[in-house]
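A.B. asks: Sharing a structure below in C-alpha cells format, with a few things to ask.
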Amino acid sequence: MTGKEKAALLLIYTGGTIGMKQDLKEGTLKPFDFSQIAQQVPEIGQFSVDIKTHTFDPLIDSSDVEPSMWQKIATLIRDSYDNYDGFIVLHGTDTMAYSASALSFMLGNLGKPVIFTGSQLPVGVPRTDGKENLISAVEIASAKDSDGRPMVPEVCVYFNSLLMRGNRSVKVNSEEFSAFRSPNLPPLAQAGITIKYNKDIILKAPAPGTPLEVSTELDTRVSILKLHPGITKEVVHHILCGKESRAVIIETYGAGNAPTKPWFIDIVSEAAGMGKILVNVTQCLSGSVDMSIYATGKALQKAGVINGYDSTTESCLAKLFYLMGKTSDNEKVKELMVKNLKGEISIF
Ligand code: ASP
C-alpha cells in the first residue's frame with residue numbers, strides 16, 4: 001500500500017457495553033447493532049480508512065465469552081488476513097484481557113495490528129468513553145511507519161489513552177474510564193495530542209511474505225488455585241489433584257510463596273507426581289515470581305512447580321490452553337511455558 005491509498009480495516013463486533021443501550025422494559029443494558037455505533041461515531045469517517053464490519057450473532061456480554069469465540073475470531077482474521085491492513089475487535093471489558101491474551105498466542109507470525117477495545121459507558125451516552133476508544137483504535141490499527149509497515153504488528157488492548165500488549169493487560173477498575181493496566185510492561189503507545197509509540201518494546205513483524213499461522217486447537221483443562229489464609233486441605237487437594245485438569249495455575253503470595261505446612265507440599269508433590277503442569281503466578285498486580293528468595297517458594301520449586309514469572313493469570317491461562325492444544329506431552333508444555341513466546345513474560 002502506498003501512503004496515498006486508504007487503509008482497510010476489519011472491525012469485528014462481538015458485543016460489550018460499547019454497543020449496548022437501555023432496554024426500557026427490563027431496565028438492563030442490551031446490545032444493539034453496529035450501524036447504530038457508526039451513527040454515534042461519525043468521526044471515524046474522517047480518517048482515510050475503509051472499514052468493513054463483521055458482527056457476531058448473537059452479540060454477547062463478554063462474561064459469556066468462551067474459547068469457541070476466540071476460535072471464531074482467529075478463523076475470521078485468518079480468512080480475511082490478506083484483505084486488510086489491520087483488525088479491531090470491539091469486545092466487552094470484563095474478559096477482554098483473556099481474549100486478547102488468547103489471540104496473541106493463537107495468531108502466529110502476526111504482521112498486522114489486532115486492537116481490542118470497548119468502553120465503560122455505551123457509545124450512545126453523552127459522557128461515553130467509547131467514542132475516544134474507537135476513534136484512537138482506528139487510528140492505531142491503520143498507522144504505518146515511514147517504510148509503510150504497520151506500526152503495531154501485535155494483539156493489543158487500547159483503553160483510555162493507553163495501548164497495551166494484549167497478553168500484559170488486566171482489567172483493574174469496574175467503574176473508572178481508566179479500566180485497564182499493563183502492570184509489568186510500559187504501554188506500547190500513549191494517546192495525547194498525538195499518539196506516541198514506544199517503538200523499542202513493540203514486537204517486530206515477521207519478514208514480509210511470512211504466512212500467518214493460526215492455531216485454533218485449544219485444550220481448556222486448566223484450573224486455578226488461589227491461595228488464601230485458611231484454605232483447607234480438601235479444597236487444595238480437589239483443585240490440584242482433580243482428574244479433570246491437566247494443568248493448574250497456583251496464584252501464590254508475593255514473590256511466589258505458599259504455605260510450608262507439610263500437608264500442602266505433599267499435595268503439590270502428589271499433583272506433580274500425577275504429571276500435572278503446575279505454574280506459579282503471583283497474586284500481586286505487579287512484579288515477578290522468584291521461587292529462590294524464600295524457603296516458602298523453594299519448597300514449591302522442589303515439588304515440581306514451574307515459574308510463571310511476571311505473567312498475568314489471564315495470559316498464563318491462555319498460554320496453557322494454546323500449548324496444551326498443540327501437544328499432549330506435558331513435559332514439552334512445561335518447557336515452553338517458561339519461554340517468552342509473545343512478549344508475555346520478562347525473563348532477564
Ligand atoms: N459486562 C460488560 C462486558 O464485558 C462490561 C463492559 O463491556 O464494559 O461485556
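Here's how to read the names in the C-alpha cells: chain A, B, ... by the order shown, residue numbers from 1 in each chain, ligand numbers from 1 in the order shown.
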Please list as an mmCIF file with N, CA, C and O atoms, in the first residue's frame every residue within 10 Å of Lys276 (chain A), counting only C-alpha atoms and excluding residues in the same chain fewer than 6 positions away.

C.D. replies:
data_model
loop_
_atom_site.group_PDB
_atom_site.id
_atom_site.type_symbol
_atom_site.label_atom_id
_atom_site.label_comp_id
_atom_site.auth_asym_id
_atom_site.auth_seq_id
_atom_site.Cartn_x
_atom_site.Cartn_y
_atom_site.Cartn_z
ATOM 1 N N VAL A 222 -7.663 -26.615 32.445
ATOM 2 C CA VAL A 222 -6.814 -25.864 33.379
ATOM 3 C C VAL A 222 -7.673 -25.406 34.551
ATOM 4 O O VAL A 222 -8.802 -24.958 34.360
ATOM 5 N N LEU A 240 -5.925 -29.303 42.993
ATOM 6 C CA LEU A 240 -4.631 -29.716 42.421
ATOM 7 C C LEU A 240 -4.645 -31.137 41.860
ATOM 8 O O LEU A 240 -3.971 -31.416 40.864
ATOM 9 N N CYS A 241 -5.382 -32.029 42.510
ATOM 10 C CA CYS A 241 -5.288 -33.438 42.100
ATOM 11 C C CYS A 241 -6.538 -33.941 41.381
ATOM 12 O O CYS A 241 -6.606 -35.122 41.022
ATOM 13 N N LYS A 243 -9.089 -35.072 38.694
ATOM 14 C CA LYS A 243 -8.787 -35.734 37.411
ATOM 15 C C LYS A 243 -9.084 -34.833 36.207
ATOM 16 O O LYS A 243 -8.563 -35.033 35.121
ATOM 17 N N SER A 245 -8.317 -31.807 35.509
ATOM 18 C CA SER A 245 -7.350 -30.811 34.999
ATOM 19 C C SER A 245 -6.037 -31.450 34.563
ATOM 20 O O SER A 245 -5.572 -32.429 35.152
ATOM 21 N N ARG A 246 -5.460 -30.845 33.510
ATOM 22 C CA ARG A 246 -4.128 -31.258 33.058
ATOM 23 C C ARG A 246 -3.084 -30.284 33.604
ATOM 24 O O ARG A 246 -1.917 -30.595 33.708
ATOM 25 N N ALA A 247 -3.546 -29.080 33.921
ATOM 26 C CA ALA A 247 -2.644 -28.044 34.443
ATOM 27 C C ALA A 247 -3.364 -27.241 35.509
ATOM 28 O O ALA A 247 -4.587 -27.104 35.463
ATOM 29 N N VAL A 248 -2.607 -26.733 36.472
ATOM 30 C CA VAL A 248 -3.184 -25.857 37.494
ATOM 31 C C VAL A 248 -2.281 -24.631 37.648
ATOM 32 O O VAL A 248 -1.061 -24.760 37.760
ATOM 33 N N VAL A 268 0.965 -30.824 46.672
ATOM 34 C CA VAL A 268 1.602 -30.298 45.452
ATOM 35 C C VAL A 268 2.460 -31.410 44.824
ATOM 36 O O VAL A 268 2.409 -31.642 43.600
ATOM 37 N N SER A 269 3.210 -32.131 45.665
ATOM 38 C CA SER A 269 4.064 -33.212 45.139
ATOM 39 C C SER A 269 3.208 -34.319 44.522
ATOM 40 O O SER A 269 3.570 -34.889 43.483
ATOM 41 N N GLU A 270 2.072 -34.604 45.150
ATOM 42 C CA GLU A 270 1.182 -35.643 44.604
ATOM 43 C C GLU A 270 0.698 -35.225 43.197
ATOM 44 O O GLU A 270 0.724 -36.035 42.257
ATOM 45 N N GLY A 304 8.157 -29.423 42.112
ATOM 46 C CA GLY A 304 7.899 -29.558 40.668
ATOM 47 C C GLY A 304 7.061 -28.456 40.050
ATOM 48 O O GLY A 304 6.556 -28.601 38.934
ATOM 49 N N VAL A 305 6.899 -27.338 40.778
ATOM 50 C CA VAL A 305 6.096 -26.231 40.238
ATOM 51 C C VAL A 305 6.987 -25.370 39.338
ATOM 52 O O VAL A 305 8.124 -25.064 39.688
ATOM 53 N N ASN A 330 3.133 -33.238 28.325
ATOM 54 C CA ASN A 330 3.176 -32.208 29.375
ATOM 55 C C ASN A 330 4.578 -31.654 29.602
ATOM 56 O O ASN A 330 4.746 -30.494 29.972
ATOM 57 N N GLU A 331 5.593 -32.492 29.381
ATOM 58 C CA GLU A 331 6.977 -32.006 29.572
ATOM 59 C C GLU A 331 7.298 -30.921 28.556
ATOM 60 O O GLU A 331 7.960 -29.933 28.845
ATOM 61 N N LYS A 334 5.655 -27.718 29.627
ATOM 62 C CA LYS A 334 6.417 -27.073 30.713
ATOM 63 C C LYS A 334 7.629 -26.348 30.156
ATOM 64 O O LYS A 334 7.952 -25.235 30.575
#

A.B. asks: From a DSSP calculation on the backbone, collect every residue of region 188-324 of chain A in alpha helix (DSSP H) and output the set as a ChimeraX atom specification.

C.D. replies: /A:233-241,262-273,295-303,313-324

A.B. asks: Neighbours of ligand 1 within 12 Å, counting only C-alpha atoms and all ligand atoms, as number ranges by chain?

C.D. replies: A: 13-21, 28-31, 59-65, 90-99, 116-123, 128-130, 159, 171-180

A.B. asks: Please, which residues of region 98-156 of chain A, numbered as in this document, come out strand (DSSP E) from DSSP, as JSON, numbers by chain?

C.D. replies: {"A": [107, 108, 114, 115, 116, 117, 155, 156]}

A.B. asks: Neighbouring residues of Leu76 (chain A) were defined as those with any atom within 10 Å, considering only C-alpha atoms; residues of the same chain fewer than 4 positions away were excluded. Please report them as a list in words.

C.D. replies: Leu10, Ile12, His54, Trp70, Gln71, Lys72, Ser80 and Tyr81 of chain A

A.B. asks: Could those residues be written to a file, using N, CA, C and O atoms, as a CSV table (one decimal), in the first residue's frame?

C.D. replies:
chain,number,residue,atom,x,y,z
A,10,LEU,N,-10.8,-4.3,9.2
A,10,LEU,CA,-12.0,-5.1,9.5
A,10,LEU,C,-12.3,-4.9,11.0
A,10,LEU,O,-11.5,-5.1,11.9
A,12,ILE,N,-14.4,-6.2,14.0
A,12,ILE,CA,-15.2,-7.4,14.4
A,12,ILE,C,-15.9,-7.0,15.7
A,12,ILE,O,-15.3,-6.7,16.7
A,54,HIS,N,-17.8,-7.0,10.7
A,54,HIS,CA,-18.3,-8.3,10.9
A,54,HIS,C,-19.0,-8.3,12.3
A,54,HIS,O,-18.3,-8.1,13.3
A,70,TRP,N,-13.0,-17.3,20.7
A,70,TRP,CA,-11.6,-16.9,20.2
A,70,TRP,C,-11.3,-17.7,18.9
A,70,TRP,O,-10.6,-17.1,18.0
A,71,GLN,N,-11.8,-18.9,18.8
A,71,GLN,CA,-11.6,-19.7,17.6
A,71,GLN,C,-12.2,-19.0,16.4
A,71,GLN,O,-11.7,-18.9,15.3
A,72,LYS,N,-13.4,-18.5,16.7
A,72,LYS,CA,-14.1,-17.8,15.6
A,72,LYS,C,-13.4,-16.5,15.2
A,72,LYS,O,-13.3,-16.2,14.0
A,80,SER,N,-9.5,-13.5,6.3
A,80,SER,CA,-9.6,-12.2,5.7
A,80,SER,C,-8.3,-11.5,5.8
A,80,SER,O,-8.2,-10.3,5.4
A,81,TYR,N,-7.2,-12.2,6.2
A,81,TYR,CA,-6.0,-11.5,6.6
A,81,TYR,C,-5.4,-10.7,5.4
A,81,TYR,O,-5.0,-9.5,5.6

A.B. asks: Report as number ranges by chain all protein, DNA and RNA residues lying within 10 Å of Leu323 (chain A), evaluated on only C-alpha atoms, omitting residues in the same chain fewer than 4 positions from it.

C.D. replies: A: 105-106, 215, 217-219, 318-319, 327-330, 332-334, 336-337

A.B. asks: Could you turn the residues from that selection into a file that holds N, CA, C and O atoms, as a short mmCIF file (atom, residue, chain, number, x, y, z; two decimals), in the first residue's frame?

C.D. replies:
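So again-v4.cif came out as:
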data_model
loop_
_atom_site.label_atom_id
_atom_site.label_comp_id
_atom_site.auth_asym_id
_atom_site.auth_seq_id
_atom_site.Cartn_x
_atom_site.Cartn_y
_atom_site.Cartn_z
N PHE A 105 -1.55 -15.62 21.34
CA PHE A 105 -0.87 -16.90 21.14
C PHE A 105 -1.40 -17.61 19.89
O PHE A 105 -0.64 -18.27 19.18
N MET A 106 -2.68 -17.46 19.62
CA MET A 106 -3.28 -18.21 18.51
C MET A 106 -2.85 -17.68 17.14
O MET A 106 -2.85 -18.41 16.16
N SER A 215 -3.47 -21.03 15.14
CA SER A 215 -3.73 -22.27 15.90
C SER A 215 -5.09 -22.15 16.56
O SER A 215 -5.30 -21.28 17.41
N GLU A 217 -6.60 -25.00 17.83
CA GLU A 217 -6.74 -26.14 18.73
C GLU A 217 -6.42 -25.68 20.16
O GLU A 217 -5.30 -25.21 20.42
N LEU A 218 -7.38 -25.76 21.08
CA LEU A 218 -7.13 -25.33 22.47
C LEU A 218 -7.52 -26.46 23.41
O LEU A 218 -8.55 -27.11 23.19
N ASP A 219 -6.70 -26.68 24.44
CA ASP A 219 -7.07 -27.65 25.46
C ASP A 219 -7.35 -26.86 26.74
O ASP A 219 -6.44 -26.24 27.31
N ALA A 318 -4.34 -18.54 29.04
CA ALA A 318 -4.42 -18.60 27.58
C ALA A 318 -3.22 -19.35 26.99
O ALA A 318 -3.36 -20.14 26.05
N LYS A 319 -2.04 -19.14 27.57
CA LYS A 319 -0.83 -19.81 27.06
C LYS A 319 -0.94 -21.33 27.28
O LYS A 319 -0.57 -22.12 26.42
N THR A 327 0.15 -29.93 21.92
CA THR A 327 0.81 -31.20 22.20
C THR A 327 0.19 -31.89 23.42
O THR A 327 -0.28 -31.22 24.35
N SER A 328 0.25 -33.22 23.41
CA SER A 328 -0.25 -33.96 24.57
C SER A 328 0.91 -34.25 25.54
O SER A 328 0.72 -34.90 26.56
N ASP A 329 2.11 -33.77 25.20
CA ASP A 329 3.28 -34.02 26.02
C ASP A 329 3.45 -32.91 27.07
O ASP A 329 3.85 -31.79 26.76
N ASN A 330 3.13 -33.24 28.33
CA ASN A 330 3.18 -32.21 29.38
C ASN A 330 4.58 -31.65 29.60
O ASN A 330 4.75 -30.49 29.97
N LYS A 332 6.82 -31.11 27.33
CA LYS A 332 7.04 -30.11 26.27
C LYS A 332 6.32 -28.80 26.63
O LYS A 332 6.86 -27.71 26.44
N VAL A 333 5.10 -28.94 27.17
CA VAL A 333 4.35 -27.74 27.56
C VAL A 333 5.13 -26.99 28.64
O VAL A 333 5.30 -25.76 28.57
N LYS A 334 5.66 -27.72 29.63
CA LYS A 334 6.42 -27.07 30.71
C LYS A 334 7.63 -26.35 30.16
O LYS A 334 7.95 -25.24 30.57
N LEU A 336 7.98 -25.01 27.26
CA LEU A 336 7.60 -23.78 26.53
C LEU A 336 6.95 -22.74 27.45
O LEU A 336 6.99 -21.54 27.16
N MET A 337 6.36 -23.20 28.55
CA MET A 337 5.73 -22.25 29.48
C MET A 337 6.75 -21.27 30.05
O MET A 337 6.41 -20.12 30.34
#

A.B. asks: CA of Ile115 (chain A) and CA of Pro58 (chain A), how far apart in Å?

C.D. replies: 21.1 Å

A.B. asks: Find the residue from A:Glu26, A:Ala255, A:Val41, A:Met324 that sits nearest to Val125 (chain A); use only C-alpha atoms when measuring.

C.D. replies: A:Val41

A.B. asks: Between A:Ser136, A:Ser182, A:Thr252, A:Ser35, which is the closest to Lys52 (chain A) once you count only C-alpha atoms?

C.D. replies: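 Nearest to Lys52 (chain A): A:Ser35.
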
A.B. asks: Quick one: distance from CA of Cys156 (chain A) to CA of Gln22 (chain A) in Å, one decimal?

C.D. replies: 29.0 Å
